[in-house]
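Below: the structure, in structure tokens.
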Amino acid sequence: MKNRSCRSFGSLALAALLLATGCSRLPRNSKTLFVMVPKLVGIPYFNSARDGASEEARRLGLHFFYTGPTAADASLQVDVIAGLLARHPAVLAVSCDDANALAPVLRRARRYGIPVLTWDADAQPDARDWFVSQVEDETLGRHVMDVLAEQLGGRGQYAIITGSLTASNLNAWLYWMKKQQQEKYPDMQLVAVVAGNDDQQQAFLEAQSLLQAYPGLRGLIGNSSAAPPAIARAIEQAGLAGTIAIAGLSTPNLMRHYIENKTVKTITLWDPGKLGRLTAAVGAMMLRHETPREGMDVPGVGQIRVFPETRKIVMGSPLDFTRENIGQYWF
Amino acid sequence: MNSSSLATVDKFGNATPRFNKRMMGLRQSENLQPGIVMLLVLFFSIYAGYRSGDFWSALNWQLLAQPLAEAGLVSLGMMFVIASGAIDLSAGAIIGVAAVTAGVAAHHNLPVPAIEAAALAAGLLCGAFNGILIGVFRLSSILVTLGSMILFSGIALAISDGNSFAGFPDGLLWWNDAALLGIPLGFLLFLATAAVAAVLLRYTLWGHYVIAVGSNRVAARYSGYPVALTVFGVFTFQGLLCGMTGILLVARLASARADLGQGLMLMAIAAVVLGGAPIAGGSASVIATLAGVAAFYIVQDGLLLLDVPPFVQRALTSVLLLVAVAVGNLLRGNRR
């Protein structure tokens with residue numbers, strides 16, 4: 001028993017020694033350190049944004065560092081950012097899980113003199129310098145409703161499966177979808193909004209119960225990237241492919257199978273790689289103390305729209321993936 | 001291992017009896033595992049400080065102290081719960097209820113003390129609800145709190161309708177910025193609460209009852225201890241601490257959401273266990289709990305500053321938990 005404990009102590013000390021001698025000190029590169037924080041790490045959408053941003057950041061001579069919480073949770077994200085502030089990054093770019101909850105820590109970053117960008121999902125406007133937006137909430141929400149209404153001929157019952165009921169950007173899109181339907185498609189009827197919690201299995205079960213609960217259902221919208229593939233699978237299993245229309249926001253990788261077998265006609269999103277690229281480009285402008293201008297041409301992104309009064313940069317219009325173009329995208 | 005004097009003479013012939021007595025005392029002591037944890041964290045801190053110039057900066061520790069205080073408060077409550085032989089899965093949901101209650105109170109323009117009182121009362125009531133079901137009706141704590149976790153987070157979601165409350169008065173947000181000698185006030189509040197918890201545990205009849213109930217509930221009942229009241233008190237206290245955590249979180253995030261405390265429940269259980277408390281109950285130490293919760297946050301923060309990828313951070317943090325528990329058990333010679 002004594003030997004055993006000696007051995008474990010010995011191996012611990014050895015491990016500590018190896019760690020201490022085997023690694024060099026990290027350089028303090030805070031003058032050019034561009035830190036990018038997604039809502040959560042490890043999903044293809046944010047990986048794609050990371051790849052775009054890191055390529056652009058390297059091209060522009062920035063040190064690129066990407067980290068974030070392992071789950072979509074605002075308080076976890078705040079803890080990660082608070083930890084990063086000790087490194088004094090040159091620019092901080094955050095995709096905010098919650099516009100309100102992230103605001104204090106971003107304000108604090110600005111108090112320390114760090115330029116703050118939000119990208120993908122905004123914080124309260126006074127907590128950041130610029131918001132790099134993929135597409136305006138209103139345009140996107142209305143567009144998704146148009147895609148569904150076109151397939152339904154503007155008539156019939158539909159339901160929406162969203163991500164979590166607390167995600168502020170999902171709720172904004174939801175609002176504009178409902179608004180567009182009320183204004184332009186009065187013959188359509190929203191029967192339910194349920195949460196799939198950004199989980200395919202959960203969304204699948206929700207879709208199944210919706211199909212059972214509303215036999216007259218003619219359309220389903222998936223308002224978070226996990227929902228549309230789950231809806232498509234539920235519709236296929238129920239043998240209803242072709243009779244129930246699907247619209248929503250998801251990625252080409254998740255939808256490729258269902259678009260190629262014609263269960264789904266059109267799915268909407270934008271190119272996150274481009275969004276990452278644009279975020280890095282705006283970060284470099286912050287470092288050079290430049291102001292983004294309306295109609296500016298950003299390499300690899302195209303012309304951008306700039307709203308100086310709301311300090312918002314918009315990348316472009318939504319992107320529809322169909323059988324014709326889905327082969328060009330991989331995320 | 002019942003008699004240490006016997007063991008010193010029999011097992012180790014050549015060393016002095018007094019030295020052996022002390023070694024055996026340490027081996028059996030409840031301070032062994034937190035000691036190992038603190039040693040590991042110290043090694044890690046030296047290493048992190050060597051590799052990253054930012055680790056030992058005052059700013060880093062100030063930023064670290066705030067989330068640590070919140071997790072620490074829940075962990076103190078969880079320590080009593082686990083010591084009494086129970087478990088509380090609903091702690092995170094109670095924090096959500098307290099936060100959302102504060103949000104509603106602020107929405108009605110109540111003064112700051114009233115907002116704080118409302119959040120504390122909400123936490124207290126949720127805890128008391130658990131306490132009545134588990135203490136008085138003798139239901140299993142894991143089942144009750146599993147149910148109340150869903151109930152409470154449902155209530156919080158229903159009140160907030162899934163949105164986050166913003167627009168809290170500056171008097172409440174003051175908790176986030178206020179500091180004494182550079183130490184965030186929330187952290188000082190946590191230390192003060194820890195001192196109170198230590199006194200409750202060591203020097204009050206209730207603390208004695210908690211340990212007795214956790215060691216053997218049946219024996220405690222036959223000894224005439226007020227088991228129901230003790231358990232009720234444990235869960236009510238935990239509810240109150242969750243309310244305090246809710247206020248600190250709301251102040252730091254300047255917003256309130258139903259899912260605010262989501263991650264803290266498992267963190268609190270892990271911190272208590274990392275400090276060496278047996279999960280079956282019957283033993284508790286405030287110092288050990290402090291060591292457990294601090295270890296998690298210091299290591300996580302250090303790994304972040306060392307550019308360690310997030311998923312690896314999680315894996316390494318859990319390795320810390322496993323190593324500390326394993327080494328603690330080996331040294332204790334506990335191979336059941």
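Letters A, B, ... mark the chains of the structure tokens in the order given; residue numbers begin at 1 per chain; ligand numbers begin at 1, in order shown.
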| said: Report as a VMD selection string all protein, DNA and RNA residues lying within 10 Å of Arg128 in chain A, evaluated on only C-alpha atoms, omitting residues in the same chain fewer than 5 positions from it. | reply: chain A and resid 92 to 94 103 106 to 107 109 to 110 114 to 118 122 to 123 311
Go ahead and dump the residues you just picked, N, CA and C atoms, as a PDB file, in the first residue's frame.
```pdb
ATOM      1  N   LEU A  92     -11.921  41.846 -30.269  1.00  0.00           N
ATOM      2  CA  LEU A  92     -12.734  40.737 -29.777  1.00  0.00           C
ATOM      3  C   LEU A  92     -13.987  40.657 -30.635  1.00  0.00           C
ATOM      4  N   ALA A  93     -14.272  39.471 -31.193  1.00  0.00           N
ATOM      5  CA  ALA A  93     -15.468  39.302 -32.018  1.00  0.00           C
ATOM      6  C   ALA A  93     -16.305  38.158 -31.439  1.00  0.00           C
ATOM      7  N   VAL A  94     -17.576  38.453 -31.118  1.00  0.00           N
ATOM      8  CA  VAL A  94     -18.400  37.489 -30.385  1.00  0.00           C
ATOM      9  C   VAL A  94     -19.724  37.261 -31.097  1.00  0.00           C
ATOM     10  N   ALA A 103     -23.933  41.675 -22.740  1.00  0.00           N
ATOM     11  CA  ALA A 103     -23.622  43.104 -22.788  1.00  0.00           C
ATOM     12  C   ALA A 103     -22.639  43.566 -21.707  1.00  0.00           C
ATOM     13  N   LEU A 106     -19.012  42.589 -22.471  1.00  0.00           N
ATOM     14  CA  LEU A 106     -18.498  43.275 -23.657  1.00  0.00           C
ATOM     15  C   LEU A 106     -18.238  44.752 -23.352  1.00  0.00           C
ATOM     16  N   ARG A 107     -19.135  45.356 -22.554  1.00  0.00           N
ATOM     17  CA  ARG A 107     -18.905  46.751 -22.134  1.00  0.00           C
ATOM     18  C   ARG A 107     -17.610  46.855 -21.357  1.00  0.00           C
ATOM     19  N   ALA A 109     -15.024  44.942 -21.679  1.00  0.00           N
ATOM     20  CA  ALA A 109     -13.926  44.843 -22.648  1.00  0.00           C
ATOM     21  C   ALA A 109     -13.663  46.199 -23.288  1.00  0.00           C
ATOM     22  N   ARG A 110     -14.744  46.897 -23.620  1.00  0.00           N
ATOM     23  CA  ARG A 110     -14.559  48.214 -24.251  1.00  0.00           C
ATOM     24  C   ARG A 110     -13.937  49.185 -23.265  1.00  0.00           C
ATOM     25  N   ILE A 114     -10.558  47.563 -25.585  1.00  0.00           N
ATOM     26  CA  ILE A 114     -10.563  46.532 -26.628  1.00  0.00           C
ATOM     27  C   ILE A 114     -11.722  46.801 -27.588  1.00  0.00           C
ATOM     28  N   PRO A 115     -11.443  46.951 -28.897  1.00  0.00           N
ATOM     29  CA  PRO A 115     -12.556  47.106 -29.840  1.00  0.00           C
ATOM     30  C   PRO A 115     -13.384  45.816 -29.884  1.00  0.00           C
ATOM     31  N   VAL A 116     -14.711  45.957 -29.811  1.00  0.00           N
ATOM     32  CA  VAL A 116     -15.572  44.781 -29.743  1.00  0.00           C
ATOM     33  C   VAL A 116     -16.475  44.715 -30.974  1.00  0.00           C
ATOM     34  N   LEU A 117     -16.426  43.563 -31.658  1.00  0.00           N
ATOM     35  CA  LEU A 117     -17.358  43.302 -32.750  1.00  0.00           C
ATOM     36  C   LEU A 117     -18.316  42.224 -32.287  1.00  0.00           C
ATOM     37  N   THR A 118     -19.569  42.309 -32.724  1.00  0.00           N
ATOM     38  CA  THR A 118     -20.414  41.134 -32.611  1.00  0.00           C
ATOM     39  C   THR A 118     -20.637  40.630 -34.030  1.00  0.00           C
ATOM     40  N   ASP A 122     -26.217  39.543 -32.394  1.00  0.00           N
ATOM     41  CA  ASP A 122     -25.823  40.825 -31.825  1.00  0.00           C
ATOM     42  C   ASP A 122     -25.976  40.852 -30.303  1.00  0.00           C
ATOM     43  N   ALA A 123     -25.319  41.861 -29.681  1.00  0.00           N
ATOM     44  CA  ALA A 123     -25.557  42.192 -28.276  1.00  0.00           C
ATOM     45  C   ALA A 123     -26.307  43.516 -28.244  1.00  0.00           C
ATOM     46  N   ARG A 311     -24.544  51.310 -36.441  1.00  0.00           N
ATOM     47  CA  ARG A 311     -23.234  50.656 -36.440  1.00  0.00           C
ATOM     48  C   ARG A 311     -23.367  49.175 -36.766  1.00  0.00           C
TER      49      ARG A 311
END
```
| All strand (DSSP E) residues (DSSP, backbone) inside range 124-245 of chain B, as an NGL selection string | :B and (179-180 or 183-184)
Store the residues of this selection in a file with C-alpha atoms, as a compact mmCIF listing (two decimals), in the first residue's frame.
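Done, and the output landed in again.txt:
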```
# COMPACT_ATOMS: atom_id res chain seq x y z
CA ALA B 179 -15.05 45.90 -5.04
CA LEU B 180 -13.21 46.29 -1.76
CA ILE B 183 -11.64 42.15 -4.48
CA PRO B 184 -15.12 41.88 -6.07
```
| message | Please list as a PyMOL selection string every residue within 7 Å of Phe65 in chain A, counting only C-alpha atoms and excluding residues in the same chain fewer than 3 positions away. | response | chain A and resi 34-36
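Minimum atom-to-atom distance to Arg58 in chain A, evaluated using only C-alpha atoms, belongs to A:Ala280 out of A:Ala234, A:Gln212, A:Ile246, A:Ala280.
Nearest-residue note for chain A: choosing from B:Ala195, B:Ala118, B:Leu139, B:Leu306, the minimum distance belongs to B:Leu306, counting only C-alpha atoms.
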| Residues of range 8-225 of chain B in helix (DSSP H, G or I) according to DSSP, as a PyMOL selection string? | chain B and resi 8-11+17-28+32-51+58-83+91-107+112-136+141-160+170-177+185-203+205-215+217-222
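Distance annotation: of A:Ala232, A:Ala284, A:Leu152, A:Ile244, the residue with the minimal separation from Val298 in chain A is A:Ala284; atom set is only C-alpha atoms.
Pairwise distance (CA of Arg233 in chain A, CA of Ala207 in chain A) equals 9.0 Å.
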| request: Pick out the residues sitting within 10 Å of Ser153 in chain B, and hand them over as an NGL selection string; count only C-alpha atoms, and ignore anything fewer than 5 positions along from it in its own chain. | output: :B and (90 or 92-97 or 148 or 158-159 or 258-262)
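The nearest approach to Phe237 in chain B among the residues B:Leu73, B:Leu68, B:Ala254, B:Leu42, with only C-alpha atoms taken into account, belongs to B:Leu73.
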| Quick one: of B:Gly72, B:Gly276, B:Pro113, B:Gly85, who's nearest to Pro34 in chain B, counting only C-alpha atoms? | B:Gly276
| So which residues touch range 220-230 of chain B within 10 Å, counting only C-alpha atoms, skipping near sequence neighbours fewer than 4 positions away, as a count of residues only? | 24
| query | Which is closer to chain B than all the others in A:Met286, A:Ile221, A:Val306, A:Val194, using only C-alpha atoms? | reply | A:Val194
| Distance in Å - CA of Phe187 in chain B versus CA of Trp61 in chain B | 11.0 Å
| query | Could you pull the residues within 9 Å of Ala277 in chain B, counting only C-alpha atoms, minus those fewer than 3 positions along the same chain, as a PyMOL selection string? | reply | chain B and resi 30+33+79+82-83+272-274+280-285+288-289
